[in-house]
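Source file: my_file.cif; contents: mmCIF, C-alpha atoms.
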```
data_upload
loop_
_atom_site.label_atom_id
_atom_site.label_comp_id
_atom_site.auth_asym_id
_atom_site.auth_seq_id
_atom_site.Cartn_x
_atom_site.Cartn_y
_atom_site.Cartn_z
CA MET A 18 -123.83 7.48 14.00
CA LYS A 19 -124.21 4.61 11.56
CA LEU A 20 -121.22 5.89 9.57
CA LEU A 21 -118.59 3.73 11.24
CA PRO A 22 -120.12 0.39 10.17
CA VAL A 23 -120.59 1.75 6.64
CA PHE A 24 -116.95 2.89 6.59
CA ILE A 25 -115.76 -0.50 7.82
CA ALA A 26 -117.87 -2.27 5.24
CA ALA A 27 -116.42 -0.01 2.52
CA VAL A 28 -112.86 -0.73 3.64
CA VAL A 29 -113.56 -4.46 3.71
CA LEU A 30 -115.11 -4.31 0.23
CA ALA A 31 -112.16 -2.33 -1.09
CA GLY A 32 -109.81 -4.92 0.39
CA VAL A 33 -111.75 -7.74 -1.24
CA ALA A 34 -111.69 -5.87 -4.55
CA LEU A 35 -107.92 -5.37 -4.30
CA GLY A 36 -107.46 -9.01 -3.35
CA VAL A 37 -109.51 -10.17 -6.34
CA HIS A 38 -107.54 -7.82 -8.58
CA ALA A 39 -104.25 -9.12 -7.27
CA GLN A 40 -105.46 -12.67 -7.83
CA THR A 41 -106.62 -12.08 -11.39
CA SER A 42 -103.60 -10.02 -12.40
CA GLN A 43 -101.30 -12.83 -11.24
CA PRO A 44 -101.54 -15.75 -13.66
CA GLU A 45 -102.42 -19.20 -12.32
CA PRO A 46 -99.33 -21.01 -11.06
CA TYR A 47 -98.01 -23.85 -13.21
CA LYS A 48 -95.41 -26.59 -13.01
CA VAL A 49 -92.95 -27.38 -15.77
CA VAL A 50 -90.28 -30.02 -16.30
CA PHE A 51 -87.36 -29.22 -18.61
CA ASP A 52 -85.78 -32.12 -20.53
CA LEU A 53 -82.06 -31.45 -21.07
CA THR A 54 -80.02 -33.89 -23.18
CA SER A 55 -77.72 -31.29 -24.71
CA SER A 56 -74.30 -30.11 -23.56
CA ASP A 57 -74.46 -27.03 -25.80
CA PRO A 58 -73.68 -23.90 -23.73
CA ILE A 59 -76.59 -22.12 -25.47
CA ASP A 60 -79.02 -24.74 -24.18
CA GLN A 61 -77.45 -24.72 -20.72
CA GLN A 62 -77.79 -20.95 -20.54
CA ALA A 63 -81.34 -21.10 -21.91
CA VAL A 64 -82.68 -23.51 -19.30
CA LEU A 65 -81.26 -21.42 -16.46
CA ARG A 66 -82.73 -18.22 -17.92
CA TRP A 67 -86.10 -19.93 -18.39
CA ILE A 68 -86.19 -21.08 -14.76
CA ASN A 69 -85.60 -17.47 -13.70
CA GLU A 70 -88.35 -16.24 -15.98
CA VAL A 71 -90.84 -18.93 -14.94
CA LYS A 72 -90.29 -17.92 -11.31
CA ALA A 73 -90.44 -14.18 -12.12
CA VAL A 74 -93.84 -14.64 -13.78
CA ASN A 75 -95.19 -16.25 -10.61
CA PRO A 76 -93.06 -17.30 -7.63
CA ARG A 77 -95.52 -20.14 -7.04
CA ASN A 78 -94.61 -21.70 -10.40
CA GLU A 79 -92.48 -24.82 -10.06
CA ALA A 80 -89.59 -25.80 -12.30
CA GLU A 81 -87.53 -28.96 -12.53
CA VAL A 82 -84.69 -29.90 -14.88
CA VAL A 83 -84.14 -33.57 -15.72
CA MET A 84 -80.76 -34.34 -17.28
CA TYR A 85 -79.73 -37.48 -19.15
CA GLY A 86 -77.44 -38.24 -22.09
CA ARG A 87 -75.20 -35.25 -22.76
CA GLY A 88 -77.36 -33.13 -20.48
CA LEU A 89 -75.30 -34.29 -17.50
CA ASP A 90 -72.42 -31.96 -18.40
CA LEU A 91 -74.34 -29.10 -16.80
CA VAL A 92 -73.88 -30.62 -13.34
CA ILE A 93 -70.51 -32.39 -13.62
CA THR A 94 -68.23 -30.39 -11.35
CA ASP A 95 -65.23 -30.51 -13.68
CA LYS A 96 -67.23 -29.44 -16.73
CA THR A 97 -69.89 -26.97 -15.64
CA THR A 98 -69.43 -23.21 -15.83
CA ARG A 99 -72.78 -22.55 -14.19
CA ALA A 100 -72.50 -23.94 -10.64
CA ALA A 101 -73.32 -20.56 -9.07
CA GLU A 102 -76.43 -20.07 -11.19
CA ILE A 103 -77.59 -23.60 -10.39
CA ALA A 104 -77.05 -23.02 -6.66
CA ARG A 105 -79.12 -19.84 -6.91
CA ALA A 106 -81.90 -21.56 -8.89
CA ILE A 107 -82.12 -24.28 -6.25
CA GLY A 108 -81.57 -22.15 -3.14
CA ASP A 109 -83.37 -18.93 -4.01
CA LEU A 110 -85.95 -20.10 -6.55
CA GLY A 111 -86.72 -23.60 -5.29
CA ALA A 112 -85.99 -25.30 -8.62
CA SER A 113 -84.94 -28.96 -8.74
CA PHE A 114 -82.10 -30.42 -10.78
CA LYS A 115 -82.35 -34.18 -11.28
CA VAL A 116 -79.85 -36.45 -12.96
CA CYS A 117 -80.75 -39.81 -14.47
CA GLY A 118 -79.08 -42.58 -12.46
CA ILE A 119 -78.83 -44.81 -15.54
CA ALA A 120 -76.87 -42.09 -17.34
CA VAL A 121 -74.60 -41.62 -14.30
CA LYS A 122 -73.79 -45.33 -14.42
CA ASN A 123 -73.39 -45.42 -18.24
CA GLN A 124 -70.95 -42.53 -18.06
CA LYS A 125 -69.05 -44.20 -15.19
CA LEU A 126 -69.53 -41.15 -12.99
CA ASP A 127 -69.32 -41.13 -9.24
CA ARG A 128 -71.70 -39.09 -7.05
CA SER A 129 -68.70 -37.00 -5.97
CA GLN A 130 -68.17 -35.79 -9.54
CA LEU A 131 -71.61 -34.16 -9.60
CA LEU A 132 -72.63 -30.90 -7.96
CA SER A 133 -73.71 -31.81 -4.44
CA ASN A 134 -77.05 -29.97 -4.68
CA VAL A 135 -78.40 -32.03 -7.58
CA GLU A 136 -80.48 -35.16 -7.01
CA ILE A 137 -80.02 -38.52 -8.70
CA VAL A 138 -83.25 -40.22 -9.78
CA PRO A 139 -83.30 -43.90 -10.78
CA ASP A 140 -84.74 -43.28 -14.28
CA GLY A 141 -84.67 -39.85 -15.93
CA ILE A 142 -87.22 -40.67 -18.64
CA GLY A 143 -89.48 -42.23 -16.01
CA GLU A 144 -89.19 -39.05 -13.93
CA ILE A 145 -90.28 -36.92 -16.91
CA VAL A 146 -93.16 -39.24 -17.81
CA THR A 147 -94.34 -39.27 -14.18
CA ARG A 148 -94.32 -35.47 -14.13
CA GLN A 149 -96.29 -35.33 -17.38
CA SER A 150 -98.84 -37.79 -15.96
CA ALA A 151 -99.21 -35.57 -12.90
CA GLY A 152 -100.13 -32.59 -15.10
CA TRP A 153 -96.76 -30.86 -15.32
CA GLY A 154 -95.96 -29.09 -18.57
CA TYR A 155 -93.03 -30.43 -20.60
CA ILE A 156 -90.43 -28.39 -22.44
CA LYS A 157 -87.60 -29.97 -24.42
CA VAL A 158 -84.56 -27.74 -24.22
CA GLY A 159 -83.02 -27.22 -27.65
CA HIS A 160 -82.50 -24.62 -30.33
CA MET B 9 -101.49 -80.42 16.59
CA LYS B 10 -102.66 -76.97 15.66
CA LEU B 11 -99.13 -76.11 14.46
CA LEU B 12 -99.62 -77.08 10.81
CA PRO B 13 -102.35 -74.52 10.12
CA VAL B 14 -100.28 -71.85 11.87
CA PHE B 15 -97.25 -72.78 9.77
CA ILE B 16 -99.33 -72.66 6.57
CA ALA B 17 -100.74 -69.28 7.55
CA ALA B 18 -97.22 -67.98 8.24
CA VAL B 19 -95.97 -69.20 4.86
CA VAL B 20 -98.95 -67.59 3.10
CA LEU B 21 -98.39 -64.33 4.96
CA ALA B 22 -94.69 -64.37 4.10
CA GLY B 23 -95.59 -64.94 0.45
CA VAL B 24 -98.02 -62.01 0.51
CA ALA B 25 -95.37 -59.84 2.14
CA LEU B 26 -92.81 -60.83 -0.51
CA GLY B 27 -95.35 -60.19 -3.25
CA VAL B 28 -96.13 -56.75 -1.89
CA HIS B 29 -92.42 -56.04 -1.62
CA ALA B 30 -91.83 -57.13 -5.21
CA GLN B 31 -94.70 -54.92 -6.35
CA THR B 32 -93.51 -51.85 -4.52
CA SER B 33 -89.83 -52.27 -5.44
CA GLN B 34 -90.78 -52.38 -9.14
CA PRO B 35 -91.79 -48.90 -10.33
CA GLU B 36 -95.23 -48.42 -11.90
CA PRO B 37 -95.16 -49.24 -15.62
CA TYR B 38 -95.35 -46.30 -18.00
CA LYS B 39 -95.76 -45.68 -21.71
CA VAL B 40 -93.63 -43.28 -23.71
CA VAL B 41 -93.61 -42.07 -27.29
CA PHE B 42 -90.31 -40.83 -28.77
CA ASP B 43 -90.50 -38.10 -31.44
CA LEU B 44 -87.61 -38.50 -33.90
CA THR B 45 -87.12 -35.88 -36.63
CA SER B 46 -83.32 -36.02 -36.68
CA SER B 47 -81.01 -38.10 -38.86
CA ASP B 48 -78.04 -37.45 -36.59
CA PRO B 49 -76.38 -40.78 -35.65
CA ILE B 50 -76.12 -39.56 -32.03
CA ASP B 51 -79.91 -39.16 -31.85
CA GLN B 52 -80.49 -42.48 -33.62
CA GLN B 53 -78.21 -44.24 -31.15
CA ALA B 54 -79.80 -42.42 -28.21
CA VAL B 55 -83.38 -43.45 -28.96
CA LEU B 56 -82.37 -47.12 -29.30
CA ARG B 57 -80.44 -46.98 -26.05
CA TRP B 58 -83.38 -45.30 -24.28
CA ILE B 59 -85.80 -48.00 -25.47
CA ASN B 60 -83.48 -50.62 -23.98
CA GLU B 61 -83.27 -48.70 -20.71
CA VAL B 62 -87.03 -48.06 -20.50
CA LYS B 63 -87.61 -51.80 -20.89
CA ALA B 64 -84.82 -52.69 -18.45
CA VAL B 65 -86.41 -50.50 -15.76
CA ASN B 66 -89.69 -52.38 -16.12
CA PRO B 67 -90.44 -54.90 -18.89
CA ARG B 68 -94.08 -53.78 -18.72
CA ASN B 69 -93.12 -50.26 -19.83
CA GLU B 70 -94.13 -49.51 -23.42
CA ALA B 71 -92.08 -47.56 -25.95
CA GLU B 72 -92.92 -46.29 -29.42
CA VAL B 73 -90.84 -44.25 -31.86
CA VAL B 74 -92.61 -41.97 -34.33
CA MET B 75 -90.46 -40.79 -37.23
CA TYR B 76 -91.16 -37.93 -39.62
CA GLY B 77 -89.01 -35.34 -41.42
CA ARG B 78 -85.38 -36.41 -41.32
CA GLY B 79 -86.21 -39.02 -38.71
CA LEU B 80 -87.10 -41.47 -41.48
CA ASP B 81 -83.43 -42.14 -42.24
CA LEU B 82 -83.31 -44.51 -39.27
CA VAL B 83 -85.59 -46.98 -41.08
CA ILE B 84 -84.68 -46.47 -44.75
CA THR B 85 -82.98 -49.73 -45.72
CA ASP B 86 -80.26 -48.08 -47.81
CA LYS B 87 -79.38 -45.55 -45.12
CA THR B 88 -79.76 -47.19 -41.71
CA THR B 89 -76.87 -48.74 -39.83
CA ARG B 90 -79.14 -49.95 -37.04
CA ALA B 91 -81.46 -52.52 -38.63
CA ALA B 92 -80.35 -55.27 -36.24
CA GLU B 93 -80.93 -53.12 -33.14
CA ILE B 94 -84.36 -52.10 -34.43
CA ALA B 95 -85.28 -55.73 -35.10
CA ARG B 96 -84.24 -56.58 -31.55
CA ALA B 97 -86.18 -53.64 -30.05
CA ILE B 98 -89.32 -54.77 -31.89
CA GLY B 99 -88.91 -58.53 -31.57
CA ASP B 100 -87.41 -58.90 -28.09
CA LEU B 101 -88.61 -55.72 -26.35
CA GLY B 102 -91.99 -55.19 -28.00
CA ALA B 103 -91.25 -51.61 -29.06
CA SER B 104 -93.05 -50.05 -32.04
CA PHE B 105 -91.45 -48.03 -34.85
CA LYS B 106 -93.93 -45.92 -36.79
CA VAL B 107 -93.24 -43.82 -39.87
CA CYS B 108 -95.39 -40.87 -40.92
CA GLY B 109 -97.16 -41.70 -44.18
CA ILE B 110 -97.15 -38.03 -45.23
CA ALA B 111 -93.35 -37.94 -44.89
CA VAL B 112 -93.03 -41.19 -46.86
CA LYS B 113 -95.02 -39.59 -49.69
CA ASN B 114 -93.16 -36.24 -49.49
CA GLN B 115 -89.85 -38.04 -49.71
CA LYS B 116 -91.13 -40.16 -52.66
CA LEU B 117 -90.32 -43.35 -50.81
CA ASP B 118 -91.82 -46.72 -51.54
CA ARG B 119 -92.81 -49.17 -48.78
CA SER B 120 -90.10 -51.52 -50.08
CA GLN B 121 -87.40 -48.97 -49.24
CA LEU B 122 -88.30 -49.09 -45.54
CA LEU B 123 -87.41 -51.81 -43.05
CA SER B 124 -90.22 -54.36 -43.29
CA ASN B 125 -90.85 -54.43 -39.52
CA VAL B 126 -91.77 -50.73 -39.20
CA GLU B 127 -95.35 -49.55 -39.52
CA ILE B 128 -96.61 -46.65 -41.61
CA VAL B 129 -99.19 -44.45 -39.89
CA PRO B 130 -101.27 -41.94 -41.88
CA ASP B 131 -100.16 -38.90 -39.84
CA GLY B 132 -97.07 -38.95 -37.61
CA ILE B 133 -97.95 -35.81 -35.66
CA GLY B 134 -101.52 -37.09 -35.21
CA GLU B 135 -100.09 -40.36 -33.87
CA ILE B 136 -98.00 -38.51 -31.29
CA VAL B 137 -100.88 -36.24 -30.25
CA THR B 138 -103.19 -39.25 -29.89
CA ARG B 139 -100.64 -40.98 -27.66
CA GLN B 140 -100.27 -37.84 -25.52
CA SER B 141 -104.08 -37.62 -25.17
CA ALA B 142 -104.13 -41.24 -24.05
CA GLY B 143 -101.70 -40.46 -21.21
CA TRP B 144 -98.45 -41.56 -22.81
CA GLY B 145 -95.36 -39.58 -21.90
CA TYR B 146 -93.63 -37.65 -24.70
CA ILE B 147 -89.90 -37.32 -25.26
CA LYS B 148 -88.42 -35.31 -28.14
CA VAL B 149 -85.19 -36.94 -29.24
CA GLY B 150 -82.43 -34.36 -29.64
CA HIS B 151 -79.18 -33.23 -28.10
CA MET C 19 -149.18 -48.08 -51.79
CA LYS C 20 -146.96 -48.68 -48.76
CA LEU C 21 -143.86 -48.50 -50.99
CA LEU C 22 -143.28 -44.78 -50.66
CA PRO C 23 -142.67 -44.84 -46.86
CA VAL C 24 -140.35 -47.83 -47.31
CA PHE C 25 -138.47 -45.99 -50.06
CA ILE C 26 -138.16 -42.88 -47.86
CA ALA C 27 -136.93 -44.98 -44.95
CA ALA C 28 -134.36 -46.64 -47.21
CA VAL C 29 -133.10 -43.27 -48.47
CA VAL C 30 -132.85 -41.96 -44.90
CA LEU C 31 -130.97 -45.09 -43.78
CA ALA C 32 -128.58 -44.81 -46.74
CA GLY C 33 -127.97 -41.16 -45.81
CA VAL C 34 -127.26 -42.11 -42.21
CA ALA C 35 -124.89 -44.84 -43.38
CA LEU C 36 -123.06 -42.41 -45.64
CA GLY C 37 -122.87 -39.87 -42.84
CA VAL C 38 -121.44 -42.42 -40.45
CA HIS C 39 -118.94 -43.47 -43.11
CA ALA C 40 -117.85 -39.87 -43.73
CA GLN C 41 -117.44 -39.39 -39.97
CA THR C 42 -115.36 -42.50 -39.46
CA SER C 43 -113.15 -41.98 -42.54
CA GLN C 44 -112.19 -38.50 -41.28
CA PRO C 45 -109.91 -38.82 -38.23
CA GLU C 46 -110.93 -37.11 -34.99
CA PRO C 47 -109.80 -33.47 -34.94
CA TYR C 48 -106.89 -32.62 -32.69
CA LYS C 49 -105.05 -29.54 -31.41
CA VAL C 50 -101.30 -29.17 -31.37
CA VAL C 51 -98.89 -26.54 -30.12
CA PHE C 52 -95.45 -26.30 -31.75
CA ASP C 53 -92.55 -25.10 -29.58
CA LEU C 54 -90.03 -23.18 -31.73
CA THR C 55 -86.76 -22.00 -30.14
CA SER C 56 -84.59 -22.48 -33.21
CA SER C 57 -83.66 -20.00 -35.94
CA ASP C 58 -82.47 -22.78 -38.25
CA PRO C 59 -84.15 -22.41 -41.69
CA ILE C 60 -84.74 -26.18 -41.72
CA ASP C 61 -86.81 -25.91 -38.52
CA GLN C 62 -88.63 -22.80 -39.77
CA GLN C 63 -89.56 -24.57 -42.98
CA ALA C 64 -90.54 -27.72 -41.10
CA VAL C 65 -93.03 -26.04 -38.76
CA LEU C 66 -94.77 -24.29 -41.67
CA ARG C 67 -94.97 -27.55 -43.64
CA TRP C 68 -96.33 -29.37 -40.58
CA ILE C 69 -99.07 -26.78 -40.08
CA ASN C 70 -100.13 -27.31 -43.70
CA GLU C 71 -100.14 -31.06 -43.23
CA VAL C 72 -102.02 -30.95 -39.91
CA LYS C 73 -104.74 -28.87 -41.61
CA ALA C 74 -104.75 -31.09 -44.73
CA VAL C 75 -105.39 -34.17 -42.58
CA ASN C 76 -108.45 -32.52 -41.06
CA PRO C 77 -109.38 -28.84 -41.53
CA ARG C 78 -110.85 -28.90 -38.02
CA ASN C 79 -107.42 -29.62 -36.52
CA GLU C 80 -105.94 -26.60 -34.72
CA ALA C 81 -102.30 -25.55 -34.78
CA GLU C 82 -100.40 -22.91 -32.85
CA VAL C 83 -96.71 -21.97 -32.90
CA VAL C 84 -95.15 -20.51 -29.76
CA MET C 85 -91.80 -18.79 -30.32
CA TYR C 86 -89.24 -17.83 -27.71
CA GLY C 87 -85.42 -17.70 -27.57
CA ARG C 88 -84.04 -17.88 -31.12
CA GLY C 89 -87.44 -18.92 -32.40
CA LEU C 90 -88.40 -15.24 -32.73
CA ASP C 91 -86.34 -14.86 -35.92
CA LEU C 92 -89.18 -16.48 -37.87
CA VAL C 93 -91.41 -13.44 -37.25
CA ILE C 94 -88.91 -10.56 -37.11
CA THR C 95 -89.68 -8.54 -40.25
CA ASP C 96 -86.04 -7.84 -41.10
CA LYS C 97 -84.98 -11.47 -40.67
CA THR C 98 -87.81 -13.70 -41.87
CA THR C 99 -87.97 -15.15 -45.38
CA ARG C 100 -91.35 -16.72 -44.73
CA ALA C 101 -93.77 -13.84 -44.18
CA ALA C 102 -96.03 -14.91 -47.06
CA GLU C 103 -96.27 -18.50 -45.79
CA ILE C 104 -97.05 -17.27 -42.29
CA ALA C 105 -99.76 -14.95 -43.62
CA ARG C 106 -101.28 -17.87 -45.50
CA ALA C 107 -101.10 -20.18 -42.44
CA ILE C 108 -102.91 -17.59 -40.34
CA GLY C 109 -105.35 -16.29 -42.94
CA ASP C 110 -106.25 -19.44 -44.87
CA LEU C 111 -105.57 -22.17 -42.33
CA GLY C 112 -106.49 -20.42 -39.08
CA ALA C 113 -103.17 -21.16 -37.37
CA SER C 114 -101.88 -18.92 -34.57
CA PHE C 115 -98.34 -17.58 -34.21
CA LYS C 116 -97.52 -16.39 -30.69
CA VAL C 117 -94.34 -14.70 -29.52
CA CYS C 118 -93.16 -14.72 -25.91
CA GLY C 119 -93.34 -11.19 -24.51
CA ILE C 120 -90.40 -11.87 -22.17
CA ALA C 121 -88.22 -12.80 -25.16
CA VAL C 122 -89.38 -9.68 -27.04
CA LYS C 123 -88.22 -7.58 -24.10
CA ASN C 124 -84.95 -9.52 -23.60
CA GLN C 125 -84.09 -9.04 -27.25
CA LYS C 126 -84.99 -5.32 -27.06
CA LEU C 127 -87.49 -5.68 -29.89
CA ASP C 128 -90.33 -3.33 -30.58
CA ARG C 129 -93.78 -4.53 -31.67
CA SER C 130 -93.20 -2.78 -35.00
CA GLN C 131 -90.24 -5.07 -35.76
CA LEU C 132 -92.47 -8.14 -35.68
CA LEU C 133 -94.90 -9.29 -38.38
CA SER C 134 -98.17 -7.53 -37.64
CA ASN C 135 -100.24 -10.73 -37.77
CA VAL C 136 -98.43 -12.48 -34.90
CA GLU C 137 -99.61 -12.16 -31.30
CA ILE C 138 -97.49 -11.39 -28.26
CA VAL C 139 -98.28 -13.47 -25.18
CA PRO C 140 -96.94 -12.49 -21.74
CA ASP C 141 -95.13 -15.80 -21.12
CA GLY C 142 -94.31 -18.22 -23.94
CA ILE C 143 -93.56 -21.19 -21.69
CA GLY C 144 -96.74 -20.48 -19.70
CA GLU C 145 -98.70 -20.44 -22.97
CA ILE C 146 -97.33 -23.88 -23.91
CA VAL C 147 -97.95 -25.35 -20.46
CA THR C 148 -101.51 -23.99 -20.47
CA ARG C 149 -102.15 -25.60 -23.85
CA GLN C 150 -100.75 -28.91 -22.61
CA SER C 151 -103.01 -28.73 -19.53
CA ALA C 152 -105.98 -28.12 -21.81
CA GLY C 153 -105.26 -31.35 -23.70
CA TRP C 154 -103.37 -29.96 -26.69
CA GLY C 155 -100.61 -32.12 -28.11
CA TYR C 156 -97.06 -30.76 -27.89
CA ILE C 157 -94.37 -30.98 -30.54
CA LYS C 158 -90.89 -29.55 -30.08
CA VAL C 159 -89.58 -28.36 -33.43
CA GLY C 160 -86.02 -29.59 -34.02
CA HIS C 161 -84.02 -31.96 -36.15
#
```
Structure rendered as structure tokens:
Amino acid sequence: MKLLPVFIAAVVLAGVALGVHAQTSQPEPYKVVFDLTSSDPIDQQAVLRWINEVKAVNPRNEAEVVMYGRGLDLVITDKTTRAAEIARAIGDLGASFKVCGIAVKNQKLDRSQLLSNVEIVPDGIGEIVTRQSAGWGYIKVGH
Amino acid sequence: MKLLPVFIAAVVLAGVALGVHAQTSQPEPYKVVFDLTSSDPIDQQAVLRWINEVKAVNPRNEAEVVMYGRGLDLVITDKTTRAAEIARAIGDLGASFKVCGIAVKNQKLDRSQLLSNVEIVPDGIGEIVTRQSAGWGYIKVGH
Amino acid sequence: MKLLPVFIAAVVLAGVALGVHAQTSQPEPYKVVFDLTSSDPIDQQAVLRWINEVKAVNPRNEAEVVMYGRGLDLVITDKTTRAAEIARAIGDLGASFKVCGIAVKNQKLDRSQLLSNVEIVPDGIGEIVTRQSAGWGYIKVGH
């Protein structure tokens, strides 16, 4: 007679327990900005692998790459060997790739020479500092 | 008759509008500490260029270089090729160049062997950590 | 007659003054996480020296090394030349050495191939970001 409400309550409790478990087994989401000033293929490969891993740990994690100095080579159409991986990181994983506008100018590059899915920000260092101020983690890419 | 006050009010309003525009078109000032442990001329050149760019973006931005390990070479009188640029960064741009006192001792250097306009701090890593705690951005120099 | 209380008060005041002096001459303790992705012996030596120096400045300072990518070589038993220094940094200085579990898996390493006194964390980048969020300083090891 009174079994149905008890059953429902048990199911609800079990659901809550599962939900809590799922929440605690999934780590808290975080945001991280990668600082890339290297054109070394090892560093280029590393940052793309790390973005994949950061997103695999928790799809709600956010990742952004800021490129200046020699880091630009990763997104210069004539130089990069990783356009497909970058497209996947942006399209499938929601990562951002941002190029320092000052570096673009210093290197006499035109927007058309860069992969079309990367953004140009006015000041790469300013972008990184702003992210740090907003509580993003910071990782310098290097080895 | 009542046109003068209206004209004055319009001029004041226009001035306020211009002021607001000037404020919003100039990015918020930021502070950044550069961590230099490399003696590579490319890294030495990069940090000096970045200080210039940080200050060009907004003259109210603040920049500091902390040197330890091999980073000291930039300010050892007998080794540096960039004394004039450092003098300009300090004198004209208000940047700070700080050398780790532990590294100075480890490398058996005397104060007289360092450029006279650089400061010695007791603990380079402590200086960087203190800046980070105070909300400064952090950039590792490398490539 | 009333000299004893005055004498006691003077001794207490002197003690307080000394205590305040000792407190102010010792810098505030800080916490720092080192990011090691390099297998270069110069970087391996540097991070161990820095841990010693951080602890020499103030024994209450805390230091942690997070290794991923090529940084793992420092704690792979068959590759490291610094096992004794690491044991001393952990045992005598209270430093932590943490290896990224994703990197361990990527490099097909078994727990038994790593020094037994290092910890494996699920996500090396997540560990660093968490430390940064908790107010730890961040130093990328490189040169």
Would you list which chain B residues are within 8 Å of chain A using all atoms listed in the file, as JSON, numbers by chain?
{"B": [38, 39, 40, 54, 61, 62, 65, 143, 144, 145, 146, 147, 148, 150, 151]}
Would you list the residues near (-78.4, -26.2, -9.9) (no more than 10 Å away, in the coordinates of the file, using only C-alpha atoms) as a list in words?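 Every residue inside that radius is included here: Leu65, Glu81, Val82, Leu91, Val92, Arg99, Ala100, Ala101, Glu102, Ile103, Ala104, Arg105, Ala106, Ile107, Gly108, Gly111, Ala112, Ser113, Phe114, Lys115, Leu132, Ser133, Asn134, Val135 and Glu136 of chain A.
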| At what distance in Å, to one decimal, does atom CA of Val107 of chain B lie from atom CA of Met75 of chain B? |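 Atom CA of Val107 of chain B lies 4.9 Å from atom CA of Met75 of chain B.
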How far is it from atom CA of Ile59 of chain B to atom CA of Asp95 of chain A, in Å with one decimal?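 Distance reported for this atom pair: 29.5 Å.
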Choose the residue, out of A:Asn123, A:Gln130, A:Arg77, A:Leu110, that has the smallest atom-to-atom separation from Thr97 of chain A; count all atoms listed in the file.
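Counting all atoms listed in the file, the residue closest to Thr97 of chain A is A:Gln130.
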Provide an axis-aligned box for all listed atoms of segment 132-146 of chain A, padding each side by 8 Å; report its centre and its edge lengths in Å to one decimal, as JSON.
```
{"center_x": -82.9, "center_y": -36.9, "center_z": -11.5, "size_x": 36.5, "size_y": 29.9, "size_z": 30.2}
```
